[in-house]
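data_36.txt, holding compact mmCIF, C-alpha atoms:
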```txt
# COMPACT_ATOMS: atom_id res chain seq x y z
CA MET A 38 71.84 -56.61 46.58
CA GLY A 39 70.20 -58.44 43.72
CA VAL A 40 69.45 -62.13 44.02
CA ALA A 41 70.49 -64.73 46.58
CA LEU A 42 70.36 -68.51 46.50
CA GLY A 43 68.22 -70.45 48.98
CA ILE A 44 68.56 -74.21 49.50
CA ASP A 45 66.18 -76.43 51.46
CA VAL A 46 67.81 -79.72 52.52
CA GLY A 47 65.40 -82.50 53.45
CA GLY A 48 65.54 -86.22 54.01
CA THR A 49 64.23 -87.09 50.53
CA LYS A 50 64.96 -84.02 48.40
CA ILE A 51 67.10 -80.95 48.02
CA ALA A 52 65.27 -77.94 46.61
CA ALA A 53 66.98 -74.72 45.63
CA GLY A 54 65.83 -71.40 44.25
CA VAL A 55 67.16 -68.04 43.14
CA VAL A 56 65.30 -65.43 45.19
CA ASP A 57 65.10 -61.70 44.44
CA ASP A 58 65.00 -59.03 47.14
CA GLY A 59 61.20 -59.02 47.01
CA GLY A 60 61.03 -62.69 48.05
CA GLN A 61 60.14 -64.02 44.60
CA ILE A 62 61.71 -67.25 43.34
CA ILE A 63 62.84 -66.60 39.77
CA ALA A 64 64.49 -69.97 39.08
CA ARG A 65 64.52 -73.29 40.88
CA VAL A 66 65.83 -76.86 40.77
CA ARG A 67 65.05 -79.98 42.76
CA ARG A 68 67.06 -83.17 43.23
CA PRO A 69 66.45 -86.36 45.21
CA SER A 70 68.75 -86.78 48.20
CA ARG A 71 70.23 -89.85 49.86
CA ALA A 72 69.60 -89.17 53.52
CA ALA A 73 71.99 -91.87 54.74
CA ASP A 74 74.98 -90.61 52.75
CA ALA A 75 76.45 -87.31 53.94
CA SER A 76 78.94 -87.02 51.09
CA SER A 77 76.15 -87.50 48.54
CA ILE A 78 74.06 -84.80 50.24
CA VAL A 79 76.95 -82.32 50.11
CA ALA A 80 77.69 -83.23 46.48
CA THR A 81 74.05 -82.65 45.51
CA ILE A 82 73.99 -79.29 47.30
CA LEU A 83 77.13 -78.25 45.40
CA GLU A 84 75.60 -79.46 42.15
CA VAL A 85 72.39 -77.42 42.45
CA THR A 86 74.36 -74.41 43.71
CA GLN A 87 76.68 -74.41 40.73
CA GLU A 88 73.81 -74.98 38.30
CA LEU A 89 71.87 -71.94 39.50
CA ALA A 90 74.85 -69.72 40.30
CA GLU A 91 76.33 -70.07 36.83
CA GLU A 92 73.39 -68.30 35.18
CA HIS A 93 72.06 -66.04 37.91
CA ARG A 94 75.18 -64.98 39.85
CA PRO A 95 73.73 -64.70 43.38
CA SER A 96 75.35 -62.48 45.99
CA ALA A 97 75.08 -65.04 48.81
CA ILE A 98 73.92 -68.56 49.63
CA GLY A 99 71.55 -69.60 52.42
CA VAL A 100 70.97 -73.23 53.38
CA GLY A 101 68.11 -74.49 55.54
CA ALA A 102 68.64 -77.94 57.06
CA ALA A 103 66.55 -79.92 59.53
CA GLY A 104 68.63 -80.26 62.65
CA PHE A 105 70.94 -78.48 65.06
CA ILE A 106 73.10 -75.73 63.57
CA ASP A 107 76.08 -74.30 65.45
CA ALA A 108 76.02 -70.75 66.82
CA THR A 109 78.15 -69.41 63.95
CA ARG A 110 75.52 -70.66 61.43
CA ARG A 111 78.16 -72.55 59.44
CA THR A 112 78.04 -76.20 60.58
CA VAL A 113 75.30 -78.83 60.74
CA VAL A 114 76.04 -80.32 64.15
CA PHE A 115 73.37 -83.02 64.10
CA ALA A 116 70.41 -83.72 61.82
CA PRO A 117 67.94 -86.49 62.76
CA ASN A 118 66.79 -87.22 59.20
CA ILE A 119 70.01 -86.79 57.24
CA ALA A 120 73.46 -88.24 57.91
CA CYS A 121 75.19 -84.92 58.61
CA ARG A 122 77.27 -84.83 61.78
CA ASP A 123 79.56 -81.84 62.42
CA GLU A 124 79.36 -81.07 58.69
CA PRO A 125 81.12 -77.76 57.84
CA LEU A 126 78.67 -77.00 55.07
CA ALA A 127 79.26 -73.25 54.83
CA ASP A 128 83.02 -73.75 54.50
CA LYS A 129 82.58 -76.25 51.68
CA LEU A 130 80.14 -74.04 49.76
CA GLU A 131 82.31 -70.95 50.15
CA GLN A 132 85.39 -72.84 48.99
CA ALA A 133 83.53 -74.11 45.92
CA THR A 134 81.75 -70.87 44.97
CA GLY A 135 83.52 -67.96 46.64
CA LEU A 136 80.12 -66.74 47.88
CA PRO A 137 79.30 -65.90 51.51
CA THR A 138 77.16 -68.68 52.95
CA VAL A 139 74.83 -69.03 55.92
CA VAL A 140 73.49 -72.35 57.27
CA GLU A 141 70.27 -72.22 59.27
CA ASN A 142 67.77 -74.60 60.81
CA ASP A 143 65.02 -75.22 58.25
CA ALA A 144 62.16 -74.11 60.51
CA ASN A 145 64.05 -70.93 61.39
CA ALA A 146 64.55 -70.24 57.69
CA ALA A 147 60.85 -70.78 56.99
CA ALA A 148 59.91 -68.55 59.92
CA TRP A 149 62.09 -65.78 58.50
CA GLY A 150 60.47 -66.22 55.08
CA GLU A 151 56.98 -65.77 56.53
CA PHE A 152 58.17 -62.84 58.64
CA GLN A 153 59.71 -61.00 55.71
CA PHE A 154 57.42 -61.93 52.84
CA GLY A 155 54.44 -63.97 54.10
CA VAL A 156 51.60 -63.71 56.58
CA ALA A 157 53.65 -62.00 59.31
CA THR A 158 55.05 -58.98 57.46
CA ASP A 159 53.24 -56.54 59.77
CA ALA A 160 54.56 -58.14 62.97
CA SER A 161 57.90 -57.70 64.72
CA SER A 162 57.67 -60.70 67.09
CA ILE A 163 56.26 -64.09 66.06
CA VAL A 164 56.37 -67.75 66.97
CA PHE A 165 56.35 -69.97 63.89
CA VAL A 166 55.13 -73.55 64.44
CA THR A 167 55.50 -76.43 61.99
CA LEU A 168 52.88 -79.11 62.55
CA GLY A 169 54.08 -81.99 60.43
CA THR A 170 55.57 -85.42 61.08
CA GLY A 171 57.01 -83.76 64.17
CA ILE A 172 56.78 -80.24 65.58
CA GLY A 173 59.40 -77.60 64.93
CA GLY A 174 59.52 -73.87 65.30
CA GLY A 175 61.21 -70.57 64.73
CA ILE A 176 61.11 -67.54 67.02
CA ILE A 177 61.52 -63.94 65.91
CA MET A 178 61.65 -61.29 68.61
CA ASN A 179 61.75 -57.58 67.82
CA GLY A 180 62.77 -58.27 64.24
CA LYS A 181 65.63 -60.62 65.13
CA LEU A 182 65.77 -64.39 64.66
CA LEU A 183 66.29 -66.00 68.05
CA THR A 184 69.07 -68.61 67.83
CA GLY A 185 70.32 -68.86 71.42
CA GLY A 186 73.73 -69.33 72.98
CA GLN A 187 74.54 -72.63 71.24
CA GLY A 188 72.37 -71.96 68.18
CA TYR A 189 69.60 -74.41 69.06
CA ALA A 190 66.75 -72.08 70.08
CA GLY A 191 63.29 -72.73 68.66
CA GLU A 192 63.02 -76.50 69.25
CA ILE A 193 59.56 -75.96 70.72
CA GLY A 194 58.22 -79.40 69.83
CA HIS A 195 59.82 -80.79 72.96
CA LEU A 196 57.86 -78.70 75.44
CA ASN A 197 56.39 -81.11 77.98
CA VAL A 198 52.59 -81.26 77.78
CA VAL A 199 51.95 -84.66 79.44
CA PRO A 200 54.29 -85.41 82.36
CA GLY A 201 55.27 -89.07 82.16
CA GLY A 202 53.49 -89.40 78.81
CA LYS A 203 54.49 -91.10 75.57
CA ARG A 204 58.18 -91.45 74.87
CA CYS A 205 59.42 -89.04 72.24
CA GLY A 206 62.14 -89.67 69.67
CA CYS A 207 64.30 -87.22 71.64
CA GLY A 208 64.23 -89.64 74.59
CA LEU A 209 61.95 -87.61 76.87
CA LEU A 210 58.40 -88.43 77.94
CA GLY A 211 55.31 -86.39 77.07
CA CYS A 212 56.66 -83.96 74.48
CA TRP A 213 54.18 -81.80 72.57
CA GLU A 214 55.40 -83.52 69.38
CA GLN A 215 53.83 -86.77 70.61
CA TYR A 216 50.40 -85.17 71.02
CA GLY A 217 50.10 -82.25 68.59
CA SER A 218 51.91 -83.32 65.41
CA GLY A 219 50.51 -84.81 62.23
CA THR A 220 51.81 -88.19 63.39
CA ALA A 221 49.89 -87.81 66.64
CA LEU A 222 46.73 -86.78 64.78
CA VAL A 223 46.84 -89.94 62.66
CA ARG A 224 47.49 -92.11 65.74
CA LEU A 225 44.52 -90.59 67.57
CA ALA A 226 42.24 -91.08 64.57
CA LYS A 227 43.30 -94.71 64.13
CA GLU A 228 42.71 -95.43 67.80
CA SER A 229 39.25 -93.89 67.59
CA ALA A 230 38.38 -95.86 64.44
CA GLU A 231 39.44 -99.12 66.06
CA LEU A 232 37.58 -98.46 69.31
CA ASN A 233 34.38 -97.11 67.75
CA PRO A 234 34.08 -97.87 64.02
CA ASP A 235 30.49 -96.59 63.91
CA MET A 236 31.62 -93.13 64.97
CA ALA A 237 34.43 -93.32 62.38
CA ARG A 238 32.24 -94.56 59.52
CA THR A 239 32.98 -91.57 57.27
CA LEU A 240 36.71 -91.71 57.96
CA LEU A 241 36.87 -95.46 57.35
CA GLY A 242 34.88 -95.01 54.16
CA LEU A 243 37.70 -92.86 52.77
CA VAL A 244 40.19 -95.71 53.22
CA ASP A 245 37.97 -98.63 52.17
CA GLY A 246 37.53 -99.72 55.78
CA ASP A 247 41.26 -100.21 56.40
CA ALA A 248 42.23 -98.12 59.43
CA THR A 249 45.93 -98.72 58.77
CA GLN A 250 45.59 -96.53 55.64
CA ILE A 251 44.42 -93.45 57.54
CA THR A 252 46.60 -90.39 56.85
CA GLY A 253 46.57 -86.80 58.01
CA HIS A 254 44.85 -85.84 54.78
CA THR A 255 42.05 -88.38 55.24
CA VAL A 256 41.53 -87.20 58.83
CA THR A 257 41.10 -83.57 57.80
CA GLN A 258 38.99 -84.60 54.80
CA ALA A 259 36.69 -86.61 57.08
CA ALA A 260 36.52 -83.71 59.55
CA GLN A 261 35.27 -81.45 56.76
CA LEU A 262 32.52 -84.04 56.27
CA GLN A 263 31.67 -83.76 59.99
CA CYS A 264 33.00 -87.21 60.94
CA GLN A 265 32.91 -87.36 64.74
CA ALA A 266 36.03 -89.52 65.04
CA ALA A 267 38.07 -87.15 62.89
CA LEU A 268 36.72 -84.07 64.65
CA GLY A 269 37.52 -85.66 68.01
CA ALA A 270 41.10 -86.42 66.95
CA ILE A 271 41.56 -82.83 65.80
CA ASP A 272 40.07 -81.46 69.02
CA SER A 273 42.47 -83.58 71.06
CA MET A 274 45.46 -82.41 69.01
CA ALA A 275 44.20 -78.83 69.24
CA GLY A 276 43.95 -79.03 73.03
CA TYR A 277 47.55 -80.08 73.49
CA THR A 278 48.66 -77.47 70.96
CA ALA A 279 46.70 -74.79 72.81
CA GLN A 280 48.43 -75.78 76.04
CA ALA A 281 51.85 -75.38 74.43
CA LEU A 282 50.93 -72.09 72.75
CA SER A 283 49.63 -70.79 76.06
CA ASP A 284 52.98 -71.51 77.70
CA LEU A 285 54.82 -69.87 74.82
CA SER A 286 52.58 -66.82 75.00
CA LEU A 287 53.61 -66.29 78.62
CA ILE A 288 57.29 -66.82 77.94
CA LEU A 289 57.62 -64.86 74.69
CA ASP A 290 54.50 -62.67 74.34
CA PRO A 291 54.54 -62.74 70.51
CA GLU A 292 52.31 -60.59 68.33
CA MET A 293 51.32 -63.62 66.28
CA PHE A 294 51.51 -67.40 66.08
CA VAL A 295 52.02 -68.75 62.56
CA LEU A 296 51.07 -72.37 61.85
CA ALA A 297 52.81 -74.20 59.00
CA GLY A 298 53.43 -77.79 57.93
CA GLY A 299 51.18 -80.51 56.58
CA VAL A 300 48.55 -80.33 59.33
CA SER A 301 48.10 -76.57 59.01
CA GLU A 302 47.59 -76.86 55.26
CA ALA A 303 44.11 -78.21 56.03
CA GLY A 304 43.22 -74.59 56.86
CA ASP A 305 40.40 -73.58 59.18
CA VAL A 306 39.33 -77.15 59.98
CA VAL A 307 42.51 -77.30 62.09
CA ARG A 308 43.24 -73.63 62.82
CA ASN A 309 39.80 -72.82 64.24
CA PRO A 310 39.82 -75.61 66.90
CA ILE A 311 43.36 -74.61 67.92
CA THR A 312 42.33 -70.95 68.20
CA LYS A 313 39.19 -71.82 70.18
CA ALA A 314 41.12 -74.09 72.54
CA PHE A 315 43.86 -71.47 72.97
CA ARG A 316 41.35 -68.77 73.89
CA SER A 317 39.66 -71.12 76.38
CA TYR A 318 42.93 -72.29 77.83
CA THR A 319 44.19 -68.77 78.48
CA ALA A 320 40.80 -67.57 79.74
CA ALA A 321 40.78 -70.32 82.37
CA SER A 322 43.79 -68.65 83.99
CA GLY A 323 42.13 -65.25 83.92
CA ARG A 324 44.18 -63.85 81.07
CA GLU A 325 42.34 -64.65 77.83
CA SER A 326 44.84 -64.00 75.07
CA THR A 327 43.97 -62.22 71.83
CA ILE A 328 47.20 -63.19 70.06
CA PRO A 329 46.14 -64.12 66.51
CA ILE A 330 46.87 -67.61 65.20
CA GLU A 331 47.43 -67.46 61.45
CA THR A 332 48.21 -70.01 58.75
CA ALA A 333 51.45 -69.63 56.80
CA THR A 334 51.09 -68.44 53.20
CA LEU A 335 54.40 -69.34 51.51
CA GLY A 336 53.95 -73.13 51.67
CA ASN A 337 56.96 -75.26 50.81
CA ASP A 338 58.79 -72.23 49.40
CA ALA A 339 59.16 -70.57 52.81
CA GLY A 340 62.43 -72.31 53.62
CA ILE A 341 64.06 -71.43 50.30
CA ILE A 342 62.91 -67.81 50.49
CA GLY A 343 63.87 -67.40 54.14
CA ALA A 344 67.31 -69.01 53.76
CA ALA A 345 68.11 -66.81 50.77
CA ASP A 346 67.04 -63.65 52.59
CA LEU A 347 68.99 -64.51 55.75
CA ALA A 348 72.09 -64.96 53.60
CA ARG A 349 71.43 -61.65 51.83
CA VAL A 350 70.97 -59.84 55.16
CA LYS A 351 74.20 -61.24 56.58
CA ALA A 352 76.17 -60.53 53.42
CA SER A 353 74.99 -56.92 53.44
CA GLY A 354 75.97 -56.51 57.07
CA SER A 355 72.52 -55.26 58.07
```
Written as structure tokens, that's how I'd like the structure from this file.
Amino acid sequence: MGVALGIDVGGTKIAAGVVDDGGQIIARVRRPSRAADASSIVATILEVTQELAEEHRPSAIGVGAAGFIDATRRTVVFAPNIACRDEPLADKLEQATGLPTVVENDANAAAWGEFQFGVATDASSIVFVTLGTGIGGGIIMNGKLLTGGQGYAGEIGHLNVVPGGKRCGCGLLGCWEQYGSGTALVRLAKESAELNPDMARTLLGLVDGDATQITGHTVTQAAQLQCQAALGAIDSMAGYTAQALSDLSLILDPEMFVLAGGVSEAGDVVRNPITKAFRSYTAASGRESTIPIETATLGNDAGIIGAADLARVKASGS
């Protein structure tokens, strides 16, 4: 069907690309977004759409947005980081362009990108996990994106891993997001550095002794230098993540877990402890799992590529 347009809507930027049927981005634009102004977000989406569509004439438009998308994949019901509430985004884009449009959760779109063109092309059932500021996910079962009855399936970051634990932004206590995300990793490392600065000497050296400046990048950098505080923080995060993956493996039985997001970009320094903890966790129950845990390969382009392909698939009726 030729090319399709994929748009990734975030809290600070809107990125768009023209994607061919092989998953290659052949043209792209990026604009800053004003997260608190819904009308500005929609105007910017229309602007980048018209800019790319004028030259490349896509067959369909796919939009990936962080938040809850309705079951028809046309409306952003609620988005925690942008001011869209019951925003009929597909209607507005179709009225402006005449092109069929699909709106999808951003993690779902990225999961589809990795499934079709990234690390998971040989699998038919995967669980895609974004380990970033929070934890998101996308679930593909038997070649189909799982969206659920209301359209909200895949919000795996709110699995409960610590009953009565830390309060999550969703209002619940003990969500995986509070213990396995990049935010949690930084919190754990800071706590360790404050309690035992000698053990965190390497980590603190990377931030000139100021523990408040510790970031996810400095934690993984220190772990590569064998800093015990950083390694301990990663092991703690990996343990909670293994617990959640173990639960998901029983519920969904995927062929593969795919890790994405800022934390996973550190590579094996994070993936290996998660894999080790997952194997141990499942073995303790007498069912050691051999499900592979892989790192995503499309990076920040996954959402654009996946959104474009989902739109192409829907427009073709396949």
Practice prompt. Return the single residue from A:Leu240, A:Val164, A:Ala352, A:Ile328 that is closest to Ala297 of chain A, with distances computed using all atoms listed in the file.
Written response: A:Val164
Discussion item. Nearest residue to Ala260 of chain A out of A:Val350, A:Leu243, A:Ala146, A:Ala320, using all atoms listed in the file?
Written reply: A:Leu243
Is it possible to get the residues within 10 Å of (47.5, -77.4, 55.6) (coordinates as in the file, counting only C-alpha atoms) written as a PDB file with C-alpha atoms, in the frame of the given file?
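After the write, point.pdb holds the following:
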```pdb
ATOM      1  CA  LEU A 168      52.880 -79.110  62.550  1.00  0.00           C
ATOM      2  CA  GLY A 169      54.080 -81.990  60.430  1.00  0.00           C
ATOM      3  CA  GLY A 253      46.570 -86.800  58.010  1.00  0.00           C
ATOM      4  CA  HIS A 254      44.850 -85.840  54.780  1.00  0.00           C
ATOM      5  CA  THR A 257      41.100 -83.570  57.800  1.00  0.00           C
ATOM      6  CA  LEU A 296      51.070 -72.370  61.850  1.00  0.00           C
ATOM      7  CA  ALA A 297      52.810 -74.200  59.000  1.00  0.00           C
ATOM      8  CA  GLY A 298      53.430 -77.790  57.930  1.00  0.00           C
ATOM      9  CA  GLY A 299      51.180 -80.510  56.580  1.00  0.00           C
ATOM     10  CA  VAL A 300      48.550 -80.330  59.330  1.00  0.00           C
ATOM     11  CA  SER A 301      48.100 -76.570  59.010  1.00  0.00           C
ATOM     12  CA  GLU A 302      47.590 -76.860  55.260  1.00  0.00           C
ATOM     13  CA  ALA A 303      44.110 -78.210  56.030  1.00  0.00           C
ATOM     14  CA  GLY A 304      43.220 -74.590  56.860  1.00  0.00           C
ATOM     15  CA  ASP A 305      40.400 -73.580  59.180  1.00  0.00           C
ATOM     16  CA  VAL A 306      39.330 -77.150  59.980  1.00  0.00           C
ATOM     17  CA  VAL A 307      42.510 -77.300  62.090  1.00  0.00           C
ATOM     18  CA  ARG A 308      43.240 -73.630  62.820  1.00  0.00           C
ATOM     19  CA  THR A 332      48.210 -70.010  58.750  1.00  0.00           C
ATOM     20  CA  ALA A 333      51.450 -69.630  56.800  1.00  0.00           C
ATOM     21  CA  THR A 334      51.090 -68.440  53.200  1.00  0.00           C
ATOM     22  CA  GLY A 336      53.950 -73.130  51.670  1.00  0.00           C
TER      23      GLY A 336
END
```
Item to complete: Counting all atoms listed in the file, find the residues whose atoms lie at most 12 Å from (51.6, -72.3, 72.0) (file coordinates) and write them out as a VMD selection string.
Response: chain A and resid 163 to 168 172 to 174 176 193 to 198 213 217 275 to 291 293 to 296 311 to 312 314 to 316 318 to 319 326 328 to 330
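Closest to Ile342 of chain A among A:Pro117, A:Pro69, A:Gly155, A:Gly185 is A:Gly155, based on only C-alpha atoms.
Computed from the coordinates, the atom CA of Ala72 of chain A to atom CA of Val256 of chain A distance equals 28.6 Å.
Omitting Leu182 of chain A and its sequence neighbours fewer than 6 positions away, and counting all atoms listed in the file, the residues within 8 Å are Asn145, Trp149, Gly175 and Ile176 of chain A.
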Item to complete: For atom CA of Pro234 of chain A and atom CA of Gly246 of chain A, quote the distance in Å rounded to one decimal.
Response: 9.1 Å
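We find atom CA of Asp338 of chain A and atom CA of Val46 of chain A to be spaced 12.1 Å apart.
Minimum distance to Ala267 of chain A across A:Glu231, A:Val85, A:Val223, A:Pro310 (counting all atoms listed in the file) occurs at A:Val223.
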What are the centre and the three edge lengths of an axis-aligned box that wraps all atoms of segment 291-297 of chain A in the file, given that 5 Å is added to every side, written as AutoDock Vina command-line options and rounded to one decimal in Å?
```
--center_x 52.8 --center_y -67.4 --center_z 64.8 --size_x 13.5 --size_y 23.6 --size_z 21.5
```
Practice prompt. Could you give me, as a ChimeraX atom specification, the residues within 7 Å of Val66 of chain A, counting only C-alpha atoms and dropping anything in the same chain fewer than 6 positions from it?
Written response: /A:52-54,85
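If all atoms listed in the file are the atoms counted, then among A:Gly171, A:Gly242, A:Pro95, A:Gly343 the closest residue to Leu136 of chain A is A:Pro95.
Nearest residue to Ile177 of chain A, choosing from A:Leu232, A:Asp143, A:Ala73, A:Glu292 and counting all atoms listed in the file: A:Glu292.
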Worksheet entry | 12 Å contact set for Glu141 of chain A, only C-alpha atoms, chain neighbours under 2 positions out, as an NGL selection string | :A and (43-46 or 98-114 or 116 or 126-127 or 138-139 or 143-149 or 175 or 182-184 or 188-191 or 340-341 or 343-348 or 351)
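Counting only C-alpha atoms, Gly202 of chain A has the following residues at most 8 Å away, ignoring those fewer than 4 positions along the same chain: Leu210, Gly211 and Cys212 of chain A.
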Quick one: segment 253-269 of chain A from the block, N, CA, C and O atoms, as a CSV table (one decimal), in the first residue's frame.
```csv
chain,number,residue,atom,x,y,z
A,253,GLY,N,19.4,7.8,36.0
A,253,GLY,CA,19.4,6.4,35.5
A,253,GLY,C,20.7,6.1,34.8
A,253,GLY,O,21.3,5.0,34.9
A,254,HIS,N,21.2,7.1,34.0
A,254,HIS,CA,22.4,6.9,33.2
A,254,HIS,C,23.6,6.7,34.1
A,254,HIS,O,24.5,5.8,33.9
A,255,THR,N,23.7,7.6,35.1
A,255,THR,CA,24.9,7.4,36.0
A,255,THR,C,24.8,6.1,36.8
A,255,THR,O,25.9,5.6,37.1
A,256,VAL,N,23.6,5.7,37.1
A,256,VAL,CA,23.5,4.4,37.9
A,256,VAL,C,24.0,3.2,37.0
A,256,VAL,O,24.8,2.4,37.4
A,257,THR,N,23.6,3.2,35.7
A,257,THR,CA,24.0,2.1,34.9
A,257,THR,C,25.5,2.3,34.5
A,257,THR,O,26.2,1.3,34.4
A,258,GLN,N,26.0,3.5,34.4
A,258,GLN,CA,27.4,3.7,34.1
A,258,GLN,C,28.3,3.2,35.3
A,258,GLN,O,29.3,2.6,35.1
A,259,ALA,N,27.8,3.5,36.5
A,259,ALA,CA,28.5,3.1,37.7
A,259,ALA,C,28.5,1.6,37.8
A,259,ALA,O,29.5,0.9,38.3
A,260,ALA,N,27.4,1.0,37.5
A,260,ALA,CA,27.2,-0.5,37.5
A,260,ALA,C,28.2,-1.2,36.6
A,260,ALA,O,28.9,-2.2,36.9
A,261,GLN,N,28.5,-0.6,35.4
A,261,GLN,CA,29.5,-1.1,34.5
A,261,GLN,C,30.9,-1.0,35.0
A,261,GLN,O,31.8,-1.8,34.6
A,262,LEU,N,31.0,-0.1,36.0
A,262,LEU,CA,32.3,0.1,36.7
A,262,LEU,C,32.4,-0.8,38.0
A,262,LEU,O,33.3,-0.6,38.8
A,263,GLN,N,31.4,-1.6,38.2
A,263,GLN,CA,31.3,-2.5,39.3
A,263,GLN,C,31.1,-1.8,40.6
A,263,GLN,O,31.5,-2.3,41.7
A,264,CYS,N,30.4,-0.7,40.6
A,264,CYS,CA,30.0,0.0,41.9
A,264,CYS,C,28.9,-0.8,42.6
A,264,CYS,O,27.9,-1.2,42.0
A,265,GLN,N,29.2,-1.2,43.8
A,265,GLN,CA,28.3,-2.1,44.6
A,265,GLN,C,26.9,-1.4,44.8
A,265,GLN,O,25.9,-2.1,44.8
A,266,ALA,N,26.9,-0.1,45.0
A,266,ALA,CA,25.6,0.5,45.3
A,266,ALA,C,24.7,0.5,44.0
A,266,ALA,O,23.5,0.3,44.1
A,267,ALA,N,25.4,0.8,42.9
A,267,ALA,CA,24.6,0.8,41.6
A,267,ALA,C,24.2,-0.6,41.3
A,267,ALA,O,23.0,-0.9,40.9
A,268,LEU,N,25.0,-1.6,41.5
A,268,LEU,CA,24.7,-3.0,41.2
A,268,LEU,C,23.6,-3.5,42.1
A,268,LEU,O,22.6,-4.2,41.7
A,269,GLY,N,23.6,-3.0,43.3
A,269,GLY,CA,22.5,-3.4,44.3
A,269,GLY,C,21.2,-2.8,43.9
A,269,GLY,O,20.2,-3.5,44.0
```
